[in-house]
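I have placed the structure first, in the form of structure tokens, so that the comments after it can refer back to it.
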Amino acid sequence: MECANEEDGCDSHAMDTDEEDDSYDETSDGELVRKEKKFPKFDANALVPVFTVGMAFSDKSAFREAVIKYGLAKRKVIKFVKNESTKCRAVCSWPKCTWVLHLSKTLRASSWLIATCKDVHTCPPRRDNSLVTSKRIADKYEKLILANPQ
């Protein structure tokens, strides 16, 4: 929307979002307060990751690590069926399970967002988890082994 003049109530600087910091808002008292994030950020410190639609990730590898952490914590076998340059899709390997996560790169937020999240498993916990690898076991118990060499 273009404004002919500033008397119409349009501010010419409001149209240019590249120069302004839109992460702050001004209250009625004139104080600057930080706006709440539009997209929820993934909590990497959580023991069992929780996913929601619109959750933001810094990159695809962070999403993959979070899904693997989730699969290990919940004892589910998760597979990445699509891993392309602009999207990544994770599904449960159990034949009739409906659990699915779809991550895609978005231009408007310049980050990776979860587009689809069906976080309901219809499968039992599994002992034969292909996500458990020797490297992950070594990473988990490395500090414990180094602290107690005997």
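Naming works like this for the structure tokens: A, B, ... for the chains as they're shown, residue 1 at the start of each chain, ligands 1 onward in shown order.
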- Do a neighbour search on A:Ala44 at 9 Å with only C-alpha atoms, toss out local chain neighbours closer than 5 positions, and write the hits as a list in words. Pro49, Ala62 and Ala66 of chain A
Mind dumping the selected residues with N, CA and C atoms as a PDB file, in the first residue's frame?
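For reference, result_9.pdb as written:
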ATOM      1  N   PRO A  49      11.661 -34.015  23.914  1.00  0.00           N
ATOM      2  CA  PRO A  49      11.247 -32.881  23.085  1.00  0.00           C
ATOM      3  C   PRO A  49       9.741 -32.879  22.819  1.00  0.00           C
ATOM      4  N   ALA A  62      19.410 -29.381  13.344  1.00  0.00           N
ATOM      5  CA  ALA A  62      18.873 -29.236  14.702  1.00  0.00           C
ATOM      6  C   ALA A  62      17.539 -29.975  14.820  1.00  0.00           C
ATOM      7  N   ALA A  66      16.739 -33.247  17.194  1.00  0.00           N
ATOM      8  CA  ALA A  66      15.606 -33.201  18.118  1.00  0.00           C
ATOM      9  C   ALA A  66      14.683 -34.404  17.915  1.00  0.00           C
TER      10      ALA A  66
END
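Between A:Leu131 and the candidates A:Cys117, A:Ala147, A:Cys88, A:Val67, the tightest atom-to-atom separation, counting only C-alpha atoms, involves A:Val67.
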- Measuring atom to atom with only C-alpha atoms, identify which of A:Pro125, A:Lys41, A:Thr98, A:Ala90 is nearest to A:Glu65. A:Ala90
- Task: Could you tell me how far atom CA of A:Arg75 lies from atom CA of A:Arg127, in Å and to one decimal?
- Result: 7.0 Å
- Check the smallest atom-to-atom distance from each of A:Asn148, A:Thr116, A:Ser130, A:Thr122 to A:Val53 using only C-alpha atoms, then report the winner. A:Thr116
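For the set A:Tyr141, A:Ser110, A:Ile68, A:Val91, the residue with the smallest atom-to-atom gap to A:Asn129 is A:Ile68, counting only C-alpha atoms.
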- Write out as a count of residues only all residues of stretch 43-105 of chain A that backbone DSSP assigns to strand (DSSP E or B). 20
